[in-house]
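Chemist: Mind having a look at this structure? Questions to follow.
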Amino acid sequence: MLKSFIKNSSVLSRISCWCYNFLFSPKSIMKCGKVLKIGNTVLMRGVTVVSRGVDNEIVLGNNVRLNKVKFIITGNHNRIVIGDRVALNEVVLHTEDENNSIHIGAGTTVHGSTEISAIEGTKVCIGEDCMFSSNIYIATGDGHSIVNSDGVRTNTSKDILIDDHVWIGTRTVIGKGVHIGADSIVGAGAVVVSKEYGGTGLVYAGNPAKIVKESVSWRRERI
C-alpha cells in the first residue's frame, strides 16, 4: 500500500507541475519542441526558450525551480544542463556559435539578474551547492575582436570553471579562463579576470580581484 501511495503521489506531483507550467510558461513549453528535456517536479514561471540552430539541447533535472529564466541558444550542437534541486531567478543563459555548454550543478541557487554566456565552443561549468547573489555577469568571451598591429586577433574565448560550494556576491563579473576553487567566496563588486586562481577556501575582492583571505568556508544558514 505504501508503494502504491508513493507512486500515486509522484504522479499527482508531476500532473500538478505540468498544470502550473502550462499556466505560467505556456509559450516556452510550446516553443521548445525536442530542445527541452524535463525531469520530475520541475516548476517554471515566465520561462522563455529561443533556439536558432540544430542539435541544441536543454536538460532540466529533478525538483528544479525556474522563475523568469531565458534560454537563448544561437548556433548548433549546444547544451545547457540544469542539475537537480537548482533554483534560478531572473537568469539569462546564453550560448552562441557551435559546441558550447553551460552546466549548473545540483543544489545551486541564483537569486536574480544574472547572465551566463558561453560562446565560440567554450563551456561554463558551475559546481554543486553554489550560491549566487544578483547582478552577476559570467562570460567566456568578449563578443567582439581585439586585434594587434598586424590585425591578428588576441582575445580568444576560454572556459570558466567554478567548483562546488562557491558563494558569488552581488555585482560580480567573472571573465574568460577563470577557475574559482571549492569553498571560496567572491566579494560584492569583484571583477575576477586572473587565470592564476583555483585554490580552495579563498576570498576574492576588488577590481581586479585579488585573494584577500585564505583557509575559509561558508554556510547558507546564519549561525
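In the C-alpha cells, chains take the letters A, B, ... in the order shown, each chain's residues start at 1, and ligands count up from 1 in the order shown.
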How would you write, as a VMD selection string, the set of residues in chain A that DSSP gives as helix (DSSP H, G or I)?
Modeler: chain A and resid 2 to 24 26 to 35
Chemist: Would you mind exporting the chosen residues as a CSV table (one decimal), in the first residue's frame, restricted to N, CA and C atoms?
Modeler:
chain,number,residue,atom,x,y,z
A,2,LEU,N,2.0,1.2,0.7
A,2,LEU,CA,2.9,2.3,0.8
A,2,LEU,C,3.5,2.6,-0.6
A,3,LYS,N,3.8,1.5,-1.3
A,3,LYS,CA,4.4,1.7,-2.7
A,3,LYS,C,3.4,2.4,-3.6
A,4,SER,N,2.1,1.9,-3.4
A,4,SER,CA,1.0,2.5,-4.3
A,4,SER,C,0.8,4.0,-4.0
A,5,PHE,N,0.9,4.3,-2.7
A,5,PHE,CA,0.7,5.7,-2.3
A,5,PHE,C,1.8,6.6,-2.8
A,6,ILE,N,3.1,6.1,-2.7
A,6,ILE,CA,4.2,6.8,-3.2
A,6,ILE,C,4.1,7.0,-4.7
A,7,LYS,N,3.7,6.0,-5.4
A,7,LYS,CA,3.6,6.0,-6.9
A,7,LYS,C,2.5,7.0,-7.3
A,8,ASN,N,1.4,7.0,-6.6
A,8,ASN,CA,0.3,7.9,-6.9
A,8,ASN,C,0.7,9.3,-6.5
A,9,SER,N,1.4,9.5,-5.4
A,9,SER,CA,1.8,10.9,-5.1
A,9,SER,C,2.8,11.5,-6.1
A,10,SER,N,3.6,10.6,-6.6
A,10,SER,CA,4.6,11.1,-7.7
A,10,SER,C,3.8,11.5,-8.9
A,11,VAL,N,2.8,10.7,-9.3
A,11,VAL,CA,2.0,11.0,-10.5
A,11,VAL,C,1.3,12.3,-10.3
A,12,LEU,N,0.7,12.5,-9.1
A,12,LEU,CA,-0.1,13.7,-8.8
A,12,LEU,C,0.9,14.9,-8.8
A,13,SER,N,2.1,14.7,-8.3
A,13,SER,CA,3.0,15.8,-8.3
A,13,SER,C,3.4,16.2,-9.7
A,14,ARG,N,3.6,15.3,-10.5
A,14,ARG,CA,4.0,15.6,-11.9
A,14,ARG,C,2.9,16.3,-12.7
A,15,ILE,N,1.6,15.8,-12.4
A,15,ILE,CA,0.5,16.4,-13.0
A,15,ILE,C,0.3,17.9,-12.6
A,16,SER,N,0.5,18.1,-11.3
A,16,SER,CA,0.4,19.5,-10.7
A,16,SER,C,1.4,20.4,-11.3
A,17,CYS,N,2.7,19.9,-11.5
A,17,CYS,CA,3.7,20.7,-12.1
A,17,CYS,C,3.4,21.0,-13.5
A,18,TRP,N,2.9,20.0,-14.2
A,18,TRP,CA,2.6,20.2,-15.6
A,18,TRP,C,1.5,21.3,-15.8
A,19,CYS,N,0.5,21.3,-14.9
A,19,CYS,CA,-0.6,22.3,-15.0
A,19,CYS,C,0.0,23.7,-14.6
A,20,TYR,N,0.9,23.7,-13.6
A,20,TYR,CA,1.5,25.0,-13.2
A,20,TYR,C,2.3,25.6,-14.4
A,21,ASN,N,3.1,24.7,-15.0
A,21,ASN,CA,4.0,25.2,-16.1
A,21,ASN,C,3.1,25.6,-17.3
A,22,PHE,N,2.0,24.9,-17.6
A,22,PHE,CA,1.2,25.2,-18.7
A,22,PHE,C,0.6,26.6,-18.5
A,23,LEU,N,0.2,26.9,-17.2
A,23,LEU,CA,-0.5,28.2,-16.9
A,23,LEU,C,0.5,29.3,-17.0
A,24,PHE,N,1.7,29.1,-16.4
A,24,PHE,CA,2.6,30.3,-16.2
A,24,PHE,C,3.7,30.4,-17.3
A,26,PRO,N,3.3,28.9,-20.8
A,26,PRO,CA,2.8,28.1,-22.0
A,26,PRO,C,3.6,28.3,-23.2
A,27,LYS,N,4.0,29.6,-23.5
A,27,LYS,CA,4.8,29.8,-24.7
A,27,LYS,C,6.1,29.1,-24.8
A,28,SER,N,6.8,29.1,-23.6
A,28,SER,CA,8.1,28.4,-23.6
A,28,SER,C,8.0,26.9,-23.8
A,29,ILE,N,7.0,26.3,-23.2
A,29,ILE,CA,6.8,24.9,-23.4
A,29,ILE,C,6.4,24.5,-24.8
A,30,MET,N,5.6,25.3,-25.4
A,30,MET,CA,5.1,25.0,-26.8
A,30,MET,C,6.2,25.3,-27.8
A,31,LYS,N,7.1,26.2,-27.5
A,31,LYS,CA,8.2,26.5,-28.5
A,31,LYS,C,9.4,25.6,-28.4
A,32,CYS,N,9.5,24.9,-27.3
A,32,CYS,CA,10.7,24.1,-27.0
A,32,CYS,C,10.9,23.0,-28.0
A,33,GLY,N,9.8,22.3,-28.3
A,33,GLY,CA,9.8,21.1,-29.1
A,33,GLY,C,10.8,20.1,-28.5
A,34,LYS,N,11.7,19.5,-29.3
A,34,LYS,CA,12.6,18.5,-28.8
A,34,LYS,C,13.8,19.1,-28.1
A,35,VAL,N,13.9,20.4,-28.0
A,35,VAL,CA,15.0,21.0,-27.4
A,35,VAL,C,15.1,20.7,-25.9
Chemist: Env of Tyr137 (chain A): 7 Å cut, atoms = only C-alpha atoms, seq-sep filter 6 positions within chain, self excluded. Answer as a ChimeraX atom specification.
Modeler: /A:114-116,172-174
Chemist: Tell me which protein, DNA and RNA residues are within 6 Å of Ser117 (chain A), counting only C-alpha atoms, leaving out same-chain ones fewer than 3 positions away, and put them as a list in words.
Modeler: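 The residues that qualify are His94, Thr95 and Ala139 of chain A.
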Chemist: Those selected residues, please, written with N, CA, C and O atoms and delivered as a PDB file, in the first residue's frame.
Modeler:
ATOM      1  N   HIS A  94      22.926  31.953 -22.085  1.00  0.00           N
ATOM      2  CA  HIS A  94      23.126  32.301 -23.494  1.00  0.00           C
ATOM      3  C   HIS A  94      24.293  31.532 -24.086  1.00  0.00           C
ATOM      4  O   HIS A  94      25.379  31.468 -23.490  1.00  0.00           O
ATOM      5  N   THR A  95      24.079  30.893 -25.230  1.00  0.00           N
ATOM      6  CA  THR A  95      25.171  30.300 -25.991  1.00  0.00           C
ATOM      7  C   THR A  95      25.138  30.844 -27.408  1.00  0.00           C
ATOM      8  O   THR A  95      24.073  31.137 -27.951  1.00  0.00           O
ATOM      9  N   ALA A 139      30.976  35.390 -18.446  1.00  0.00           N
ATOM     10  CA  ALA A 139      31.077  35.204 -19.898  1.00  0.00           C
ATOM     11  C   ALA A 139      32.440  34.647 -20.279  1.00  0.00           C
ATOM     12  O   ALA A 139      33.471  35.099 -19.775  1.00  0.00           O
TER      13      ALA A 139
END
Chemist: Would you list the contacts of Asn62 (chain A) as a PyMOL selection string, taking every protein, DNA or RNA residue within 9 Å and counting only C-alpha atoms, but skipping same-chain residues closer than 4 positions in sequence?
Modeler: chain A and resi 38-42+83-86
Chemist: Just how far from CA of Asn78 (chain A) is CA of Phe132 (chain A), in Å to one decimal?
Modeler: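 If I compute the distance from CA of Phe132 (chain A) to CA of Asn78 (chain A), I get 23.6 Å.
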Chemist: Using only C-alpha atoms, which residue out of A:Gly61, A:Gly169, A:Gly141, A:Gly75 lies closest to Ala106 (chain A)?
Modeler: A:Gly61
Chemist: Quick one, how far is CA of Thr48 (chain A) from CA of Thr156 (chain A)?
Modeler: 29.4 Å
Chemist: Given the choices A:His165, A:Lys195, A:Arg79, A:Lys158, which gets closest to Cys130 (chain A) if the distance is worked out from only C-alpha atoms?
Modeler: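 Smallest separation from Cys130 (chain A) among the options: A:His165.
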Chemist: Find the spatial neighbours of Arg171 (chain A), counting only C-alpha atoms, within a cut-off of 6 Å - ignore same-chain residues fewer than 4 positions away - and output them as a list in words.
Modeler: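 So the residues in contact are Asn135, Ile136, Ala188 and Gly189 of chain A.
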Chemist: Create the file for the chosen residues now, containing C-alpha atoms and written as a PDB file, in the first residue's frame.
Modeler:
ATOM      1  CA  ASN A 135      23.502  41.343 -10.842  1.00  0.00           C
ATOM      2  CA  ILE A 136      26.235  38.873 -11.824  1.00  0.00           C
ATOM      3  CA  ALA A 188      30.490  42.105  -3.842  1.00  0.00           C
ATOM      4  CA  GLY A 189      31.589  44.144  -6.842  1.00  0.00           C
TER       5      GLY A 189
END
Chemist: Write out as a list in words which residues come within 8 Å of Tyr197 (chain A) when counting only C-alpha atoms, dropping same-chain ones fewer than 6 positions away.
Modeler: Val178, His179, Ile180 and Gly181 of chain A
Chemist: Can I get the selected residues back with N, CA, C and O atoms, as a PDB file, in the first residue's frame?
Modeler:
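Output file again_2.pdb is given in full below:
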ATOM      1  N   VAL A 178      38.719  31.902 -16.136  1.00  0.00           N
ATOM      2  CA  VAL A 178      38.829  31.928 -14.674  1.00  0.00           C
ATOM      3  C   VAL A 178      38.451  30.573 -14.081  1.00  0.00           C
ATOM      4  O   VAL A 178      37.515  29.907 -14.533  1.00  0.00           O
ATOM      5  N   HIS A 179      39.175  30.175 -13.051  1.00  0.00           N
ATOM      6  CA  HIS A 179      38.860  28.980 -12.272  1.00  0.00           C
ATOM      7  C   HIS A 179      38.782  29.385 -10.802  1.00  0.00           C
ATOM      8  O   HIS A 179      39.772  29.861 -10.238  1.00  0.00           O
ATOM      9  N   ILE A 180      37.601  29.195 -10.202  1.00  0.00           N
ATOM     10  CA  ILE A 180      37.402  29.503  -8.789  1.00  0.00           C
ATOM     11  C   ILE A 180      37.252  28.190  -8.039  1.00  0.00           C
ATOM     12  O   ILE A 180      36.367  27.382  -8.344  1.00  0.00           O
ATOM     13  N   GLY A 181      38.099  27.959  -7.053  1.00  0.00           N
ATOM     14  CA  GLY A 181      38.124  26.697  -6.335  1.00  0.00           C
ATOM     15  C   GLY A 181      36.993  26.544  -5.333  1.00  0.00           C
ATOM     16  O   GLY A 181      36.312  27.505  -4.967  1.00  0.00           O
TER      17      GLY A 181
END
